[in-house]
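Okay, query.txt is below, compact mmCIF, C-alpha atoms and all ligand atoms:
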```
# COMPACT_ATOMS: atom_id res chain seq x y z
CA MET Z 1 -54.46 4.51 69.53
CA TYR Z 2 -50.79 3.59 69.59
CA ARG Z 3 -48.03 4.64 71.89
CA ILE Z 4 -44.86 5.68 70.09
CA SER Z 5 -43.12 2.34 70.81
CA GLU Z 6 -46.14 0.45 69.41
CA LEU Z 7 -46.26 2.62 66.32
CA ALA Z 8 -42.52 2.11 65.83
CA GLY Z 9 -42.98 -1.66 66.04
CA LYS Z 10 -45.88 -1.69 63.57
CA ALA Z 11 -44.12 0.56 61.06
CA GLY Z 12 -40.71 -1.08 61.46
CA LEU Z 13 -39.11 2.27 62.29
CA SER Z 14 -37.15 3.54 65.26
CA ARG Z 15 -38.57 5.83 67.90
CA SER Z 16 -36.17 8.61 66.96
CA THR Z 17 -37.22 8.36 63.29
CA LEU Z 18 -40.84 8.80 64.31
CA LEU Z 19 -39.97 11.85 66.41
CA TYR Z 20 -38.11 13.29 63.43
CA TYR Z 21 -41.13 12.64 61.16
CA GLU Z 22 -43.32 14.32 63.70
CA LYS Z 23 -41.02 17.35 63.68
CA LEU Z 24 -41.43 17.47 59.87
CA GLY Z 25 -45.21 17.32 60.28
CA LEU Z 26 -45.53 13.93 58.55
CA ILE Z 27 -47.38 12.44 61.55
CA ALA Z 28 -49.16 14.22 64.40
CA GLY Z 29 -49.16 12.62 67.84
CA ARG Z 30 -51.34 13.88 70.61
CA ARG Z 31 -50.10 14.23 74.16
CA GLN Z 32 -52.38 12.64 76.75
CA ALA Z 33 -53.03 13.91 80.28
CA ASN Z 34 -50.52 11.38 81.62
CA GLY Z 35 -47.83 12.93 79.37
CA TYR Z 36 -47.62 9.98 76.90
CA ARG Z 37 -47.90 10.64 73.15
CA VAL Z 38 -50.43 8.61 71.23
CA TYR Z 39 -50.88 8.14 67.51
CA SER Z 40 -53.93 7.21 65.48
CA GLU Z 41 -54.52 4.53 62.83
CA GLN Z 42 -54.33 7.40 60.34
CA ASP Z 43 -50.74 8.11 61.46
CA LEU Z 44 -49.82 4.47 60.89
CA GLN Z 45 -51.37 4.54 57.40
CA GLN Z 46 -49.61 7.81 56.65
CA LEU Z 47 -46.33 6.07 57.52
CA LYS Z 48 -47.18 3.16 55.18
CA LEU Z 49 -47.89 5.62 52.36
CA LEU Z 50 -44.61 7.37 53.09
CA GLN Z 51 -42.74 4.05 52.94
CA GLN Z 52 -44.34 3.26 49.58
CA LEU Z 53 -43.14 6.59 48.18
CA GLN Z 54 -39.68 6.01 49.59
CA ALA Z 55 -39.63 2.61 47.89
CA ALA Z 56 -39.97 4.51 44.58
CA GLY Z 57 -36.63 6.10 45.37
CA LEU Z 58 -37.97 9.48 46.53
CA THR Z 59 -36.08 11.40 49.17
CA LEU Z 60 -37.89 12.30 52.38
CA LYS Z 61 -38.25 15.87 51.14
CA GLU Z 62 -39.79 14.67 47.86
CA CYS Z 63 -42.12 12.32 49.79
CA GLN Z 64 -43.21 15.20 51.95
CA ALA Z 65 -44.00 17.29 48.88
CA CYS Z 66 -46.01 14.41 47.37
CA LEU Z 67 -47.97 13.94 50.57
CA GLN Z 68 -48.77 17.59 51.00
CA SER Z 69 -49.72 18.55 47.43
CA ARG Z 70 -50.32 17.16 43.93
CA ILE Z 71 -47.61 14.98 42.46
CA ASP Z 72 -44.92 17.07 40.78
CA ARG Z 73 -44.25 15.19 37.49
CA ALA Z 74 -41.05 17.07 36.73
CA SER Z 75 -39.41 16.11 40.00
CA LEU Z 76 -40.58 12.48 39.63
CA LEU Z 77 -39.09 12.38 36.14
CA HIS Z 78 -35.87 13.79 37.50
CA ARG Z 79 -35.82 11.07 40.15
CA LEU Z 80 -36.55 8.40 37.52
CA HIS Z 81 -33.53 9.48 35.44
CA ALA Z 82 -31.31 9.55 38.51
CA LEU Z 83 -32.47 6.05 39.39
CA ASP Z 84 -31.78 4.83 35.83
CA GLU Z 85 -28.24 6.17 36.11
CA GLN Z 86 -27.70 4.44 39.43
CA ILE Z 87 -29.03 1.16 37.97
CA ALA Z 88 -26.71 1.45 34.95
CA ALA Z 89 -23.74 2.09 37.25
CA LYS Z 90 -24.68 -0.89 39.41
CA GLN Z 91 -25.07 -3.06 36.30
CA GLN Z 92 -21.57 -2.02 35.22
CA SER Z 93 -20.22 -2.92 38.64
CA ARG Z 94 -21.98 -6.25 38.40
CA ALA Z 95 -20.67 -6.93 34.90
CA LEU Z 96 -17.12 -6.14 36.01
CA LEU Z 97 -17.37 -8.42 39.04
CA ALA Z 98 -18.80 -11.21 36.86
CA ALA Z 99 -16.01 -10.64 34.31
CA LEU Z 100 -13.30 -10.71 36.96
CA LEU Z 101 -14.76 -14.02 38.13
CA GLY Z 102 -14.68 -15.40 34.59
CA GLN Z 103 -18.48 -15.40 34.20
CA ALA Z 104 -18.58 -12.78 31.41
CA SER Z 105 -16.31 -11.12 28.83
CA MET Z 106 -13.61 -8.81 30.21
CA ARG Z 107 -13.13 -7.17 26.86
CA PRO Z 108 -14.99 -3.86 27.45
CA TRP Z 109 -13.09 -3.42 30.68
CA HIS Z 110 -9.67 -4.10 29.13
CA GLN Z 111 -10.50 -1.75 26.27
CA ALA Z 112 -11.64 1.06 28.55
CA LEU Z 113 -8.56 0.68 30.73
CA GLU Z 114 -6.29 0.66 27.67
CA ARG Z 115 -7.81 3.97 26.54
CA GLN Z 116 -7.58 5.62 29.94
CA ALA Z 117 -4.46 4.18 31.58
CA PRO Z 118 -2.38 1.97 29.24
CA GLY Z 119 0.65 1.90 31.56
CA ALA Z 120 -1.38 0.89 34.61
CA HIS Z 121 -3.18 -1.71 32.47
CA LEU Z 122 0.10 -3.40 31.52
CA ALA Z 123 1.44 -3.22 35.08
CA TRP Z 124 -1.77 -4.74 36.46
CA LEU Z 125 -1.65 -7.60 33.94
CA ARG Z 126 1.88 -8.38 35.14
CA THR Z 127 0.56 -8.45 38.72
CA GLN Z 128 -2.01 -11.03 37.61
CA GLY Z 129 0.81 -13.40 36.65
CA PHE Z 130 1.15 -12.72 32.91
CA ASP Z 131 4.73 -12.40 31.67
CA GLU Z 132 5.60 -9.40 29.50
CA LYS Z 133 4.98 -11.18 26.20
CA GLN Z 134 1.59 -12.47 27.32
CA ALA Z 135 0.62 -9.12 28.84
CA LEU Z 136 1.44 -7.23 25.62
CA ARG Z 137 -0.43 -9.80 23.51
CA LEU Z 138 -3.36 -9.54 25.89
CA LYS Z 139 -3.45 -5.75 25.44
CA TRP Z 140 -3.39 -5.93 21.65
CA LEU Z 141 -4.81 -9.30 20.66
CA SER Z 142 -6.95 -11.32 23.06
CA ARG Z 143 -8.14 -8.40 25.24
CA ASP Z 144 -9.64 -10.78 27.76
CA MET Z 145 -7.49 -12.32 30.46
CA ASN Z 146 -9.96 -15.15 31.01
CA GLU Z 147 -9.72 -16.49 27.48
CA HIS Z 148 -6.19 -15.38 26.64
CA GLU Z 149 -4.56 -18.80 26.15
CA GLN Z 150 -7.30 -20.19 23.95
CA TYR Z 151 -7.44 -16.96 21.97
CA MET Z 152 -3.70 -16.99 21.28
CA ALA Z 153 -3.80 -20.66 20.25
CA ASP Z 154 -6.58 -19.84 17.75
CA PHE Z 155 -4.78 -16.70 16.60
CA GLU Z 156 -1.60 -18.63 15.90
CA ARG Z 157 -3.58 -21.25 13.99
CA ILE Z 158 -5.00 -18.53 11.73
CA PHE Z 159 -1.59 -16.93 11.10
CA GLU Z 160 0.20 -20.24 10.57
CA GLY Z 161 2.39 -20.27 7.46
CA LEU Z 162 1.92 -16.58 6.62
CA GLU Z 163 4.99 -14.67 5.55
CA ARG Z 164 3.85 -11.20 6.60
CA LEU Z 165 2.24 -10.28 9.90
CA GLY Z 166 1.49 -6.71 8.85
CA PRO Z 167 1.26 -4.61 5.71
CA GLY Z 168 4.47 -4.13 3.75
CA SER Z 169 6.03 -4.65 0.34
CA ALA Z 170 9.47 -5.32 -1.06
CA ALA Z 171 9.11 -2.21 -3.24
CA ASP Z 172 8.42 0.05 -0.22
CA THR Z 173 11.19 -1.50 1.88
CA LEU Z 174 13.77 -1.22 -0.89
CA ALA Z 175 12.72 2.30 -1.89
CA VAL Z 176 13.33 3.39 1.70
CA LEU Z 177 16.63 1.54 1.97
CA HIS Z 178 17.97 3.14 -1.21
CA ALA Z 179 16.76 6.61 -0.18
CA LEU Z 180 18.74 6.55 3.09
CA PRO Z 181 21.50 9.19 3.24
CA ALA Z 182 24.06 6.37 3.72
CA MET Z 183 23.90 2.57 3.75
CA PRO Z 184 23.94 1.42 7.39
CA GLY Z 185 26.90 -0.72 8.42
CA THR Z 186 24.94 -2.16 11.35
CA LEU Z 187 21.17 -2.44 11.37
CA LEU Z 188 18.80 -3.77 14.02
CA GLU Z 189 15.38 -4.92 12.86
CA ILE Z 190 12.91 -4.89 15.75
CA GLY Z 191 9.79 -7.11 15.65
CA CYS Z 192 11.20 -8.87 12.59
CA GLY Z 193 8.34 -11.40 12.53
CA ARG Z 194 8.99 -14.10 9.96
CA GLY Z 195 12.00 -12.36 8.49
CA VAL Z 196 10.56 -11.02 5.26
CA SER Z 197 12.22 -7.60 5.59
CA SER Z 198 15.34 -8.96 7.32
CA VAL Z 199 16.08 -11.05 4.21
CA LEU Z 200 15.43 -8.15 1.84
CA LEU Z 201 17.59 -5.77 3.83
CA ALA Z 202 20.49 -8.23 4.10
CA GLU Z 203 20.27 -8.89 0.36
CA HIS Z 204 20.46 -5.20 -0.52
CA MET Z 205 22.85 -3.68 1.99
CA PRO Z 206 26.49 -4.49 2.60
CA GLY Z 207 26.36 -4.34 6.42
CA ARG Z 208 25.24 -6.72 9.12
CA VAL Z 209 21.60 -7.21 10.12
CA THR Z 210 20.48 -8.16 13.62
CA ALA Z 211 16.84 -9.29 13.58
CA LEU Z 212 14.95 -9.45 16.87
CA ASP Z 213 11.55 -10.78 17.87
CA ASN Z 214 10.13 -12.28 21.06
CA ASP Z 215 8.17 -15.12 19.46
CA ALA Z 216 9.82 -18.49 18.94
CA TYR Z 217 7.56 -19.60 16.07
CA ASN Z 218 8.13 -16.36 14.16
CA LEU Z 219 11.87 -16.68 14.67
CA ALA Z 220 11.82 -20.29 13.44
CA CYS Z 221 10.05 -19.11 10.25
CA ALA Z 222 12.62 -16.29 9.90
CA ARG Z 223 15.45 -18.81 10.32
CA GLN Z 224 14.01 -20.89 7.46
CA ALA Z 225 13.57 -17.84 5.21
CA ILE Z 226 17.16 -16.77 5.89
CA ALA Z 227 18.54 -20.27 5.23
CA ALA Z 228 16.54 -20.52 2.01
CA LYS Z 229 18.46 -17.47 0.73
CA GLY Z 230 21.80 -18.65 2.16
CA LEU Z 231 22.01 -15.53 4.34
CA GLN Z 232 22.88 -17.23 7.65
CA GLY Z 233 26.25 -15.48 7.82
CA ARG Z 234 24.71 -12.02 7.31
CA ILE Z 235 21.80 -11.99 9.76
CA ASP Z 236 21.92 -12.58 13.52
CA LEU Z 237 18.55 -13.71 14.86
CA LEU Z 238 17.75 -12.93 18.45
CA CYS Z 239 14.88 -13.78 20.77
CA ALA Z 240 14.44 -10.74 23.03
CA SER Z 241 11.94 -8.05 23.87
CA MET Z 242 11.81 -4.68 22.17
CA THR Z 243 11.28 -3.21 25.64
CA GLU Z 244 14.62 -4.53 26.96
CA LEU Z 245 17.11 -4.48 24.13
CA PRO Z 246 20.30 -6.41 24.99
CA PHE Z 247 22.65 -3.96 23.25
CA MET Z 248 25.12 -1.20 24.01
CA PRO Z 249 24.05 2.45 23.84
CA GLY Z 250 24.46 3.87 20.33
CA GLN Z 251 25.40 0.44 18.93
CA PHE Z 252 23.55 0.64 15.60
CA ASP Z 253 23.75 2.85 12.54
CA ALA Z 254 20.05 2.20 11.94
CA LEU Z 255 16.99 0.65 13.57
CA TRP Z 256 14.17 -0.75 11.45
CA ALA Z 257 10.72 -1.43 12.92
CA GLU Z 258 7.79 -2.30 10.66
CA GLY Z 259 4.35 -2.63 12.21
CA CYS Z 260 5.48 -3.14 15.80
CA ALA Z 261 6.20 0.17 17.59
CA TYR Z 262 2.55 0.34 18.77
CA ILE Z 263 3.15 -2.77 20.89
CA MET Z 264 5.07 -0.84 23.52
CA GLY Z 265 3.40 2.48 22.64
CA PHE Z 266 4.71 4.53 19.71
CA ASP Z 267 6.16 7.41 21.74
CA ASP Z 268 7.62 5.13 24.42
CA ALA Z 269 9.22 2.96 21.74
CA LEU Z 270 10.82 5.91 19.97
CA ARG Z 271 12.02 7.41 23.24
CA TYR Z 272 13.62 4.11 24.35
CA TRP Z 273 15.02 2.95 21.02
CA LYS Z 274 16.80 6.22 20.39
CA GLY Z 275 19.40 5.19 22.98
CA PHE Z 276 20.59 2.37 20.70
CA ILE Z 277 21.08 4.52 17.58
CA ARG Z 278 24.43 6.21 17.13
CA PRO Z 279 24.27 10.03 17.00
CA GLY Z 280 23.00 11.02 13.56
CA GLY Z 281 21.90 7.42 12.92
CA LEU Z 282 18.55 6.40 11.44
CA LEU Z 283 15.23 4.93 12.45
CA VAL Z 284 12.77 3.55 9.92
CA VAL Z 285 9.42 2.94 11.60
CA SER Z 286 5.89 2.33 10.39
CA GLU Z 287 2.70 3.20 12.20
CA LEU Z 288 -1.06 3.12 11.71
CA VAL Z 289 -2.29 6.71 11.22
CA TRP Z 290 -5.49 8.58 10.48
CA LEU Z 291 -5.50 9.96 6.95
CA THR Z 292 -8.70 11.95 7.34
CA ASP Z 293 -10.07 14.29 10.01
CA THR Z 294 -13.57 13.01 9.37
CA PRO Z 295 -13.59 9.21 9.41
CA HIS Z 296 -16.85 7.29 9.20
CA ALA Z 297 -18.34 6.78 12.66
CA GLU Z 298 -17.98 3.01 12.34
CA ALA Z 299 -14.25 3.22 11.54
CA ALA Z 300 -13.70 5.77 14.32
CA ARG Z 301 -15.53 3.53 16.80
CA PHE Z 302 -13.60 0.42 15.73
CA TRP Z 303 -10.18 2.04 16.08
CA ARG Z 304 -11.10 3.79 19.30
CA GLN Z 305 -11.66 0.32 20.72
CA HIS Z 306 -8.73 -1.42 19.06
CA TYR Z 307 -6.04 1.24 18.80
CA PRO Z 308 -7.00 4.33 20.78
CA ASP Z 309 -3.53 5.87 20.28
CA MET Z 310 -3.93 6.14 16.48
CA LYS Z 311 -3.08 9.74 15.43
CA PRO Z 312 -2.95 11.83 12.26
CA VAL Z 313 0.47 12.04 10.54
CA GLU Z 314 0.96 15.69 11.57
CA GLN Z 315 0.59 14.83 15.25
CA ARG Z 316 3.10 12.00 14.93
CA LEU Z 317 5.55 14.33 13.18
CA SER Z 318 5.40 16.95 15.91
CA ALA Z 319 5.88 14.26 18.59
CA LEU Z 320 8.86 12.88 16.66
CA ALA Z 321 10.50 16.29 16.63
CA ARG Z 322 9.98 16.59 20.40
CA LEU Z 323 11.54 13.15 20.88
CA GLY Z 324 14.71 14.18 19.07
CA TYR Z 325 14.19 12.90 15.55
CA SER Z 326 14.15 14.78 12.31
CA ALA Z 327 11.91 13.35 9.60
CA LEU Z 328 13.88 12.84 6.37
CA HIS Z 329 11.06 11.28 4.47
CA HIS Z 330 7.63 9.78 5.10
CA PHE Z 331 4.86 8.24 3.04
CA THR Z 332 1.75 6.09 3.31
CA LEU Z 333 2.27 2.43 2.41
CA SER Z 334 0.83 1.42 -0.94
CA PRO Z 335 -2.40 -0.59 -1.38
CA GLN Z 336 -0.09 -3.40 -2.58
CA ALA Z 337 1.52 -3.46 0.88
CA TRP Z 338 -1.92 -4.14 2.41
CA ASP Z 339 -2.78 -6.77 -0.21
CA ASN Z 340 0.48 -8.61 0.56
CA TYR Z 341 -0.70 -8.95 4.15
CA LEU Z 342 -4.48 -9.21 3.90
CA GLY Z 343 -4.65 -11.46 0.82
CA PRO Z 344 -2.88 -14.50 2.35
CA LEU Z 345 -4.56 -13.85 5.71
CA ALA Z 346 -8.02 -13.88 4.10
CA GLU Z 347 -7.13 -17.14 2.32
CA ASN Z 348 -6.10 -18.77 5.60
CA MET Z 349 -9.32 -17.56 7.22
CA ALA Z 350 -11.48 -18.84 4.38
CA ALA Z 351 -9.81 -22.26 4.66
CA LEU Z 352 -10.57 -22.33 8.40
CA SER Z 353 -14.07 -20.90 8.24
CA GLY Z 354 -15.85 -24.26 8.63
CA GLN Z 355 -13.80 -25.24 11.66
CA ALA Z 356 -14.76 -24.75 15.28
CA PHE Z 357 -12.95 -22.02 17.23
CA ALA Z 358 -13.38 -21.87 20.98
CA SER Z 359 -12.39 -18.19 21.16
CA SER Z 360 -13.52 -15.13 19.22
CA ALA Z 361 -10.17 -14.87 17.35
CA LEU Z 362 -11.58 -15.78 13.92
CA ALA Z 363 -14.67 -13.58 14.37
CA ASP Z 364 -12.47 -10.65 15.47
CA LEU Z 365 -10.17 -10.96 12.47
CA THR Z 366 -13.18 -11.28 10.15
CA ARG Z 367 -14.50 -8.02 11.59
CA GLU Z 368 -11.11 -6.33 11.18
CA LEU Z 369 -10.95 -7.43 7.55
CA GLU Z 370 -14.43 -5.96 6.95
CA ILE Z 371 -13.29 -2.66 8.43
CA HIS Z 372 -10.21 -2.64 6.17
CA GLN Z 373 -12.35 -3.45 3.13
CA GLN Z 374 -14.71 -0.57 3.83
CA TYR Z 375 -12.54 2.13 5.31
CA LEU Z 376 -8.88 1.60 4.35
CA GLY Z 377 -7.79 4.96 2.98
CA GLU Z 378 -9.37 6.85 5.88
CA TYR Z 379 -6.43 5.39 7.77
CA GLY Z 380 -3.31 3.58 6.64
CA TYR Z 381 0.21 2.51 7.55
CA HIS Z 382 2.69 5.33 7.32
CA LEU Z 383 6.43 4.81 7.03
CA PHE Z 384 8.70 7.38 8.66
CA VAL Z 385 12.41 7.66 7.84
CA LEU Z 386 13.95 9.49 10.77
CA GLN Z 387 17.36 10.74 11.79
CA ALA Z 388 18.29 10.81 15.47
CA VAL Z 389 19.35 14.32 16.40
CA ALA Z 390 21.07 15.42 19.57
CA HIS Z 391 18.22 17.35 21.20
CA GLY Z 392 14.82 16.07 22.24
CA SER Z 393 12.91 15.67 25.47
CA LEU Z 394 13.74 12.06 26.16
C1 LIG J 401 2.53 -7.02 13.51
S1 LIG J 401 3.93 -8.04 13.64
C2 LIG J 401 5.00 -7.32 12.43
C3 LIG J 401 6.06 -8.28 12.01
C4 LIG J 401 6.94 -7.87 10.84
N1 LIG J 401 7.66 -6.65 11.08
C5 LIG J 401 6.10 -7.76 9.58
O1 LIG J 401 5.85 -6.63 9.16
O2 LIG J 401 5.69 -8.80 9.08
C6 LIG J 401 4.66 -7.61 15.17
C7 LIG J 401 5.85 -8.46 15.55
O3 LIG J 401 6.37 -8.01 16.78
C8 LIG J 401 6.69 -9.12 17.58
N2 LIG J 401 6.63 -8.70 18.98
C9 LIG J 401 5.57 -8.50 19.76
N3 LIG J 401 5.92 -8.08 20.97
C10 LIG J 401 7.28 -8.01 20.95
C11 LIG J 401 8.26 -7.65 21.92
N4 LIG J 401 7.90 -7.27 23.13
N5 LIG J 401 9.54 -7.69 21.56
C12 LIG J 401 9.92 -8.08 20.33
N6 LIG J 401 9.04 -8.44 19.37
C13 LIG J 401 7.74 -8.40 19.69
C14 LIG J 401 5.66 -10.16 17.23
O4 LIG J 401 6.09 -11.46 17.57
C15 LIG J 401 5.53 -9.94 15.73
O5 LIG J 401 6.47 -10.70 15.03
```

Could you write out this structure as structure tokens?
Amino acid sequence: MYRISELAGKAGLSRSTLLYYEKLGLIAGRRQANGYRVYSEQDLQQLKLLQQLQAAGLTLKECQACLQSRIDRASLLHRLHALDEQIAAKQQSRALLAALLGQASMRPWHQALERQAPGAHLAWLRTQGFDEKQALRLKWLSRDMNEHEQYMADFERIFEGLERLGPGSAADTLAVLHALPAMPGTLLEIGCGRGVSSVLLAEHMPGRVTALDNDAYNLACARQAIAAKGLQGRIDLLCASMTELPFMPGQFDALWAEGCAYIMGFDDALRYWKGFIRPGGLLVVSELVWLTDTPHAEAARFWRQHYPDMKPVEQRLSALARLGYSALHHFTLSPQAWDNYLGPLAENMAALSGQAFASSALADLTRELEIHQQYLGEYGYHLFVLQAVAHGSL
């Protein structure tokens, strides 16, 4: 026979817990003539059995039911599923902690945050000490703050010497230029990359071209391309960010942005850039869009991870109208435009395939190329020729 304090010591429970169990009928003490409660060996064993059931994750109520009648399989199954969910949540917490400490990939976390809260994601990256250029590249390219520098070094190695950094063709660019209602006197090209369109535009329009990018290597390539055509006097090159344009309001007749609006977010870019276009001026902008409502699951999954803001053309058009633009013309870039970009890129990658890469940059681009090979056509680059109109919810 045990007194309550002895039973508590043997079972590793408090006195008040035992009294509560007694109230629930899980143990049954007997009061002696001297007023003390005593408990039997059977009570102690009942407590051990109860503790075993609790170790399986059962609540006290479920334990009680198991002790008093046959095991209820349905409620045990329910408990098992609940436990699995708790384990999965804990594993996620663990993975995130390990990732934040640099012990595992941060990629799933960055991707989930980009889908759910892109603005907060960018702001948080800045808090972690990344400047704006790094933070934007991290969002769109490396997607892992722990391997960002190595990733970007590898990425730049793969893109070295390429003329185009996105799909485009001289035919598409010139067709758009010649279809504009009037030739722009002043034109700003945003995200000009290595200057392929800047050169074409300057060659085919009478006005002045300002070409802006925030990457020194790209600008050096653009400078060479411009000099090779003797166009130094016609194009001003500028190293600045598309998010903080160093110009006067309404300064340009036209803005031109191929394959770069997504970097600051398509809607945000169009909202902000409109301030630099004179009233009635033009914006030519290209954007990755869905061309089908029913993409293959693999393509949908890939783009959900890599560009969650991709939309069908119709949705972009209605947003453009809300932002104060009227669409004069729009079309999907030709397969040639993609070949001009992907062909040289694939050649560079093939030449580097035997070499060691410390980051996943080459593997990621290989995967992206596979997706393009299989699913291009379900999505594509769309070029919008827009006129800035007075109204719009800016
Ligand atoms: C996909 S590339 C497109 C380049 C070029 N328009 C073309 O089609 O070849 C995007 C360009 O935007 C530039 N870029 C990225 N972030 C930028 C920023 N915040 N401000 C200005 N340019 C930026 C990159 O350096 C790169 O040249």

Excluding Ile4 in chain Z and its own-chain neighbours fewer than 3 positions away, which residues fall within 10 Å of it when counting all atoms listed in the file? Please give them as JSON, numbers by chain.
{"Z": [1, 7, 8, 9, 10, 14, 15, 16, 18, 19, 29, 36, 37, 38, 39]}

For chain Z versus ligand LIG 401 (chain J), which residues have an atom no more than 8 Å away, and what is each residue's nearest atom pair and distance in Å rounded to one decimal, using all atoms listed in the file, chain-then-number order, as a tab-separated table?
```
residue	atom	partner	partner_atom	distance
Z:Glu132	CA	J:LIG401	N4	7.1
Z:Lys133	CA	J:LIG401	N4	5.8
Z:Leu136	CA	J:LIG401	N3	6.5
Z:Arg137	CA	J:LIG401	N3	7.1
Z:Glu163	CA	J:LIG401	O2	6.9
Z:Arg164	CA	J:LIG401	O2	3.9
Z:Leu165	CA	J:LIG401	O2	3.8
Z:Gly166	CA	J:LIG401	O1	4.4
Z:Pro167	CA	J:LIG401	O1	6.1
Z:Gly168	CA	J:LIG401	O1	6.1
Z:Ile190	CA	J:LIG401	C12	6.3
Z:Gly191	CA	J:LIG401	O3	3.7
Z:Cys192	CA	J:LIG401	N1	4.4
Z:Gly193	CA	J:LIG401	O5	3.2
Z:Arg194	CA	J:LIG401	O2	6.3
Z:Gly195	CA	J:LIG401	C4	7.2
Z:Val196	CA	J:LIG401	O2	6.6
Z:Ser197	CA	J:LIG401	N1	7.2
Z:Leu212	CA	J:LIG401	C12	6.3
Z:Asp213	CA	J:LIG401	N6	3.7
Z:Asn214	CA	J:LIG401	C12	4.3
Z:Asp215	CA	J:LIG401	O4	4.6
Z:Asn218	CA	J:LIG401	O5	6.0
Z:Cys239	CA	J:LIG401	C12	7.6
Z:Ala240	CA	J:LIG401	C12	5.9
Z:Ser241	CA	J:LIG401	N5	3.4
Z:Met242	CA	J:LIG401	N5	3.8
Z:Thr243	CA	J:LIG401	N4	5.8
Z:Ala257	CA	J:LIG401	N1	6.3
Z:Glu258	CA	J:LIG401	N1	4.4
Z:Gly259	CA	J:LIG401	C2	4.7
Z:Cys260	CA	J:LIG401	C6	4.6
Z:Ile263	CA	J:LIG401	N3	6.0
Z:Met264	CA	J:LIG401	N4	7.0
```

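Candidate residues Z:Arg208, Z:Arg301, Z:Arg143, Z:Arg316 were compared for distance to Ala361 in chain Z, and the nearest is Z:Arg143, using only C-alpha atoms.
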
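If you measure from each of Z:Leu328, Z:Leu362, Z:Leu345, Z:Val289 to Lys311 in chain Z using only C-alpha atoms, the closest one turns out to be Z:Val289.
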
Would you compute the distance between CA of Ile226 in chain Z and CA of Met349 in chain Z? Give it in Å to one decimal.
26.5 Å

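Candidate residues Z:Thr17, Z:Gln134, Z:Gln42, Z:Ser286 were compared for distance to Val176 in chain Z, and the nearest is Z:Ser286, using only C-alpha atoms.
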
Report the distance between CA of Ser326 in chain Z and CA of Gly380 in chain Z in Å, rounded to one decimal place.
21.5 Å

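All residues that come within 8 Å of the coordinates (13.5, 12.2, 13.0), counting only C-alpha atoms, are given as Leu282, Leu283, Leu320, Ala321, Gly324, Tyr325, Ser326, Ala327, Leu328, Val385, Leu386, Gln387, Ala388 and Val389 of chain Z.
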
Go ahead and dump the residues you just picked, C-alpha atoms, as a compact mmCIF listing (two decimals), keeping the file's coordinate frame.
```txt
# COMPACT_ATOMS: atom_id res chain seq x y z
CA LEU Z 282 18.55 6.40 11.44
CA LEU Z 283 15.23 4.93 12.45
CA LEU Z 320 8.86 12.88 16.66
CA ALA Z 321 10.50 16.29 16.63
CA GLY Z 324 14.71 14.18 19.07
CA TYR Z 325 14.19 12.90 15.55
CA SER Z 326 14.15 14.78 12.31
CA ALA Z 327 11.91 13.35 9.60
CA LEU Z 328 13.88 12.84 6.37
CA VAL Z 385 12.41 7.66 7.84
CA LEU Z 386 13.95 9.49 10.77
CA GLN Z 387 17.36 10.74 11.79
CA ALA Z 388 18.29 10.81 15.47
CA VAL Z 389 19.35 14.32 16.40
```

Point out the residue among Z:Ala28, Z:Glu149, Z:His306, Z:Leu255 with the least atom-to-atom distance to Arg107 in chain Z, counting only C-alpha atoms.
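Using only C-alpha atoms, the shortest distance to Arg107 in chain Z belongs to Z:His306.
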